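Heads up, protein.csv below (CSV, C-alpha atoms):
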```
chain,number,residue,atom,x,y,z
N,551,MET,CA,15.5,27.5,-12.1
N,552,LYS,CA,14.7,24.7,-9.6
N,553,LYS,CA,17.3,22.5,-11.1
N,554,LEU,CA,19.9,25.2,-10.8
N,555,LEU,CA,19.1,25.9,-7.2
N,556,SER,CA,19.2,22.1,-6.4
N,557,SER,CA,22.6,21.9,-8.1
N,558,LEU,CA,23.9,24.8,-6.1
N,559,LEU,CA,22.6,23.3,-2.9
N,560,VAL,CA,24.4,20.1,-3.6
N,561,LEU,CA,27.6,21.9,-4.4
N,562,VAL,CA,27.4,24.0,-1.2
N,563,LEU,CA,26.5,21.0,1.0
N,564,GLY,CA,29.1,18.8,-0.7
N,565,GLY,CA,31.8,21.4,-0.2
N,566,SER,CA,30.9,21.6,3.5
N,567,ILE,CA,31.0,17.9,3.9
N,568,ALA,CA,34.4,17.7,2.1
N,569,MET,CA,35.8,20.5,4.4
N,570,ALA,CA,34.7,18.6,7.5
N,571,HIS,CA,36.4,15.4,6.2
N,572,ASP,CA,39.7,17.3,5.8
N,573,PHE,CA,39.9,17.5,9.6
N,574,GLU,CA,41.5,14.2,10.6
N,575,GLN,CA,43.1,13.6,14.0
N,576,PRO,CA,44.9,10.5,15.3
N,577,PHE,CA,42.9,10.3,18.5
N,578,ALA,CA,39.3,10.1,19.4
N,579,GLN,CA,37.5,13.5,19.7
N,580,GLY,CA,36.0,12.6,23.1
N,581,GLU,CA,33.0,13.9,24.8
N,582,LYS,CA,32.0,17.5,25.5
N,583,ASN,CA,34.7,19.0,27.7
N,584,PRO,CA,33.8,18.8,31.4
N,585,TYR,CA,35.9,21.9,31.9
N,586,GLY,CA,33.8,23.9,29.5
N,587,ALA,CA,33.3,26.7,32.1
N,588,TYR,CA,36.9,27.7,31.4
N,589,PHE,CA,36.5,27.8,27.6
N,590,THR,CA,34.7,30.0,25.1
N,591,GLY,CA,32.9,27.9,22.4
N,592,GLN,CA,32.6,24.2,22.2
N,593,THR,CA,35.5,21.9,23.0
N,594,TYR,CA,35.9,18.1,23.5
N,595,LEU,CA,38.2,16.1,25.7
N,596,GLU,CA,39.5,12.6,25.4
N,597,MET,CA,41.9,11.7,28.3
N,598,LEU,CA,44.7,9.5,27.0
N,599,CYS,CA,46.6,9.1,30.3
N,600,THR,CA,45.6,10.2,33.8
N,601,LYS,CA,48.1,10.6,36.7
N,602,ASP,CA,48.7,7.4,38.6
N,603,ASN,CA,51.5,5.9,40.7
N,604,ILE,CA,53.4,4.7,37.5
N,605,TYR,CA,52.9,7.5,35.0
N,606,ASN,CA,53.3,10.9,36.7
N,607,SER,CA,51.5,12.9,34.0
N,608,SER,CA,48.2,13.9,32.6
N,609,ILE,CA,47.7,13.7,28.8
N,610,GLY,CA,44.5,14.6,27.0
N,611,ASN,CA,43.4,15.2,23.4
N,612,VAL,CA,41.5,18.5,23.2
N,613,THR,CA,39.4,19.3,20.1
N,614,PHE,CA,38.2,22.8,19.5
N,615,GLU,CA,35.4,23.9,17.2
N,616,PRO,CA,36.1,27.1,15.1
N,617,LYS,CA,36.8,30.1,17.4
N,618,ALA,CA,36.7,28.0,20.5
N,619,ARG,CA,39.5,28.7,23.0
N,620,THR,CA,40.6,28.4,26.6
N,621,ASN,CA,40.4,31.2,29.1
N,622,TRP,CA,43.6,32.9,30.1
N,623,HIS,CA,45.3,30.4,32.5
N,624,LYS,CA,48.6,29.2,33.9
N,625,HIS,CA,50.0,25.9,35.1
N,626,SER,CA,52.3,25.8,38.1
N,627,GLY,CA,54.3,22.9,36.5
N,628,GLY,CA,54.1,24.1,32.9
N,629,GLN,CA,52.3,22.6,29.9
N,630,ILE,CA,53.3,21.1,26.5
N,631,LEU,CA,51.0,21.2,23.5
N,632,LEU,CA,51.4,18.8,20.5
N,633,VAL,CA,49.3,20.0,17.5
N,634,THR,CA,47.7,17.1,15.8
N,635,ALA,CA,45.2,18.6,13.4
N,636,GLY,CA,43.8,21.9,12.0
N,637,GLU,CA,45.0,25.4,12.6
N,638,GLY,CA,45.1,27.0,16.0
N,639,ARG,CA,46.2,30.0,18.0
N,640,TYR,CA,48.4,30.4,21.0
N,641,GLN,CA,49.3,33.5,23.0
N,642,GLU,CA,51.2,34.4,26.1
N,643,ARG,CA,50.1,37.4,28.0
N,644,GLY,CA,51.8,40.6,26.5
N,645,LYS,CA,53.1,38.8,23.4
N,646,GLU,CA,51.9,38.3,19.8
N,647,ILE,CA,49.5,35.6,18.8
N,648,GLN,CA,51.2,32.6,17.2
N,649,VAL,CA,49.5,30.5,14.5
N,650,LEU,CA,49.8,26.8,15.2
N,651,LYS,CA,49.8,24.0,12.6
N,652,LYS,CA,49.9,20.2,12.6
N,653,GLY,CA,53.3,19.1,14.0
N,654,ASP,CA,54.0,22.2,16.1
N,655,VAL,CA,55.1,21.8,19.7
N,656,VAL,CA,54.6,24.5,22.2
N,657,LYS,CA,56.5,24.3,25.5
N,658,ILE,CA,54.9,26.6,28.1
N,659,ALA,CA,57.0,27.4,31.2
N,660,PRO,CA,55.5,27.2,34.7
N,661,ASN,CA,53.3,30.1,35.7
N,662,VAL,CA,53.2,31.7,32.2
N,663,GLU,CA,49.7,33.2,31.6
N,664,HIS,CA,48.5,32.0,28.2
N,665,TRP,CA,45.5,30.8,26.1
N,666,HIS,CA,45.2,28.5,23.1
N,667,GLY,CA,42.4,27.4,20.8
N,668,ALA,CA,41.1,27.0,17.2
N,669,GLY,CA,41.5,29.5,14.4
N,670,PRO,CA,38.4,31.3,13.2
N,671,ASP,CA,37.7,29.1,10.2
N,672,GLY,CA,38.2,25.5,11.2
N,673,MET,CA,38.5,22.8,13.8
N,674,PHE,CA,41.7,22.4,15.8
N,675,ALA,CA,43.2,19.6,18.0
N,676,HIS,CA,46.2,19.2,20.2
N,677,ILE,CA,47.5,16.9,22.8
N,678,SER,CA,47.9,18.7,26.2
N,679,ILE,CA,50.6,17.3,28.5
N,680,GLU,CA,50.8,18.5,32.1
N,681,PRO,CA,54.2,17.5,33.4
N,682,ASN,CA,55.6,17.8,36.9
N,683,ILE,CA,52.5,16.3,38.6
N,684,PRO,CA,51.6,16.4,41.5
N,685,ASN,CA,53.0,19.9,41.8
N,686,ASN,CA,51.2,21.1,38.6
N,687,GLY,CA,47.8,22.8,39.1
N,688,ALA,CA,45.9,25.0,36.6
N,689,THR,CA,44.8,28.5,37.7
N,690,TRP,CA,42.0,29.6,35.5
N,691,LEU,CA,41.6,33.3,34.8
N,692,GLU,CA,39.3,35.5,32.8
N,693,SER,CA,37.9,34.7,29.3
N,694,VAL,CA,39.8,35.7,26.2
N,695,THR,CA,37.8,38.6,24.7
N,696,ASP,CA,37.0,38.7,21.0
N,697,LYS,CA,39.3,41.7,20.7
N,698,GLU,CA,42.2,39.7,22.2
N,699,TYR,CA,41.3,36.6,20.1
N,700,TYR,CA,41.5,38.6,16.9
N,701,GLY,CA,44.7,40.5,18.0
N,702,GLU,CA,43.1,43.9,18.2
N,703,THR,CA,45.1,46.1,20.4
N,704,LYS,CA,42.8,49.1,20.6
```

In structure tokens, how does this file's structure come out?
Amino acid sequence: MKKLLSSLLVLVLGGSIAMAHDFEQPFAQGEKNPYGAYFTGQTYLEMLCTKDNIYNSSIGNVTFEPKARTNWHKHSGGQILLVTAGEGRYQERGKEIQVLKKGDVVKIAPNVEHWHGAGPDGMFAHISIEPNIPNNGATWLESVTDKEYYGETK
């Protein structure tokens, strides 16, 4: 019996480790997101390019643990998301949730209220590009409820 339980434990742990290794992204995960107050769950941020006098943009790699997501928010200059790993979710206020997969590009028009984050079962990563700086500021709104996250309308 002990041997059977040990074998099962090895299989379960081995499967978990294998699943974690399936998540590969091309950029560093980064440190815990300093903007965590505007997210539900744990996220990480690695800035790839910050606004300066030459490159008028802000580009960051954002990594989400399962179920982690942004609050509702909008960008006065819009936002572009490039999905690099895992499976995620994106929703504009009043519209259906979209499932995001590696290689997807989401162009978000200025001042459109939206949220994005990981799916319920795995890690997710995207590159966030904020164009039209310096006239692009984020306005953070309320948290995305679990009902909203799971697409429950009632």

Calculate how many Å separate atom CA of N:Gly687 from atom CA of N:Glu646, rounding to one decimal.
25.1 Å

May I have the protein, DNA and RNA residues with an atom at most 12 Å from (48.4, 30.3, 16.0), counting only C-alpha atoms in the file's coordinates, returned as a PDB file with C-alpha atoms, in the frame of the given file?
```
ATOM      1  CA  LYS N 617      36.800  30.100  17.400  1.00  0.00           C
ATOM      2  CA  ARG N 619      39.500  28.700  23.000  1.00  0.00           C
ATOM      3  CA  VAL N 633      49.300  20.000  17.500  1.00  0.00           C
ATOM      4  CA  GLY N 636      43.800  21.900  12.000  1.00  0.00           C
ATOM      5  CA  GLU N 637      45.000  25.400  12.600  1.00  0.00           C
ATOM      6  CA  GLY N 638      45.100  27.000  16.000  1.00  0.00           C
ATOM      7  CA  ARG N 639      46.200  30.000  18.000  1.00  0.00           C
ATOM      8  CA  TYR N 640      48.400  30.400  21.000  1.00  0.00           C
ATOM      9  CA  GLN N 641      49.300  33.500  23.000  1.00  0.00           C
ATOM     10  CA  GLU N 642      51.200  34.400  26.100  1.00  0.00           C
ATOM     11  CA  GLU N 646      51.900  38.300  19.800  1.00  0.00           C
ATOM     12  CA  ILE N 647      49.500  35.600  18.800  1.00  0.00           C
ATOM     13  CA  GLN N 648      51.200  32.600  17.200  1.00  0.00           C
ATOM     14  CA  VAL N 649      49.500  30.500  14.500  1.00  0.00           C
ATOM     15  CA  LEU N 650      49.800  26.800  15.200  1.00  0.00           C
ATOM     16  CA  LYS N 651      49.800  24.000  12.600  1.00  0.00           C
ATOM     17  CA  LYS N 652      49.900  20.200  12.600  1.00  0.00           C
ATOM     18  CA  ASP N 654      54.000  22.200  16.100  1.00  0.00           C
ATOM     19  CA  VAL N 655      55.100  21.800  19.700  1.00  0.00           C
ATOM     20  CA  VAL N 656      54.600  24.500  22.200  1.00  0.00           C
ATOM     21  CA  TRP N 665      45.500  30.800  26.100  1.00  0.00           C
ATOM     22  CA  HIS N 666      45.200  28.500  23.100  1.00  0.00           C
ATOM     23  CA  GLY N 667      42.400  27.400  20.800  1.00  0.00           C
ATOM     24  CA  ALA N 668      41.100  27.000  17.200  1.00  0.00           C
ATOM     25  CA  GLY N 669      41.500  29.500  14.400  1.00  0.00           C
ATOM     26  CA  PRO N 670      38.400  31.300  13.200  1.00  0.00           C
ATOM     27  CA  PHE N 674      41.700  22.400  15.800  1.00  0.00           C
ATOM     28  CA  TYR N 699      41.300  36.600  20.100  1.00  0.00           C
ATOM     29  CA  TYR N 700      41.500  38.600  16.900  1.00  0.00           C
ATOM     30  CA  GLY N 701      44.700  40.500  18.000  1.00  0.00           C
TER      31      GLY N 701
END
```

Using all atoms listed in the file, find each residue in stretch 602-626 of chain N having at least one atom no more than 8 Å away from stretch 574-587 of chain N; report its shortest atom-to-atom pair and that distance in Å (one decimal), rows by chain then rising number, as a Markdown table.
```
| residue | atom | partner | partner_atom | distance |
| --- | --- | --- | --- | --- |
| N:Asn611 | CA | N:Phe577 | CA | 6.9 |
| N:Val612 | CA | N:Gln579 | CA | 7.3 |
| N:Thr613 | CA | N:Gln579 | CA | 6.1 |
```

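A straight line drawn from atom CA of N:Asn686 to atom CA of N:Ala618 is 24.2 Å long.
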
All residues 10 Å or closer to N:His664, all atoms listed in the file, same chain fewer than 5 positions away omitted, as an MDAnalysis selection string
chainID N and resid 620:625 640:645 658 691 694

Gap from atom CA of N:Gln629 to atom CA of N:Asn661 - Å, one decimal
9.5 Å

Would you mind telling me which residue in N:Ala635, N:Ala688, N:Met597, N:Ile679 lies nearest to N:Lys657 when using only C-alpha atoms?
N:Ile679

For N:Ala659, which of N:Glu596, N:Glu702, N:Asp671, N:Glu680 is the closest residue, counting only C-alpha atoms?
N:Glu680

Give, as JSON, the centre coordinates and the x, y and z edge lengths in Å to one decimal for an axis-aligned box around all listed atoms of stretch 596-613 of chain N, padded by 4 Å on each side.
```
{"center_x": 46.4, "center_y": 12.0, "center_z": 30.4, "size_x": 22.0, "size_y": 22.6, "size_z": 28.6}
```

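Of the listed residues (N:Thr590, N:Leu631, N:Cys599, N:Asp572), N:Thr590 comes nearest to N:Thr695; the distances count only C-alpha atoms.
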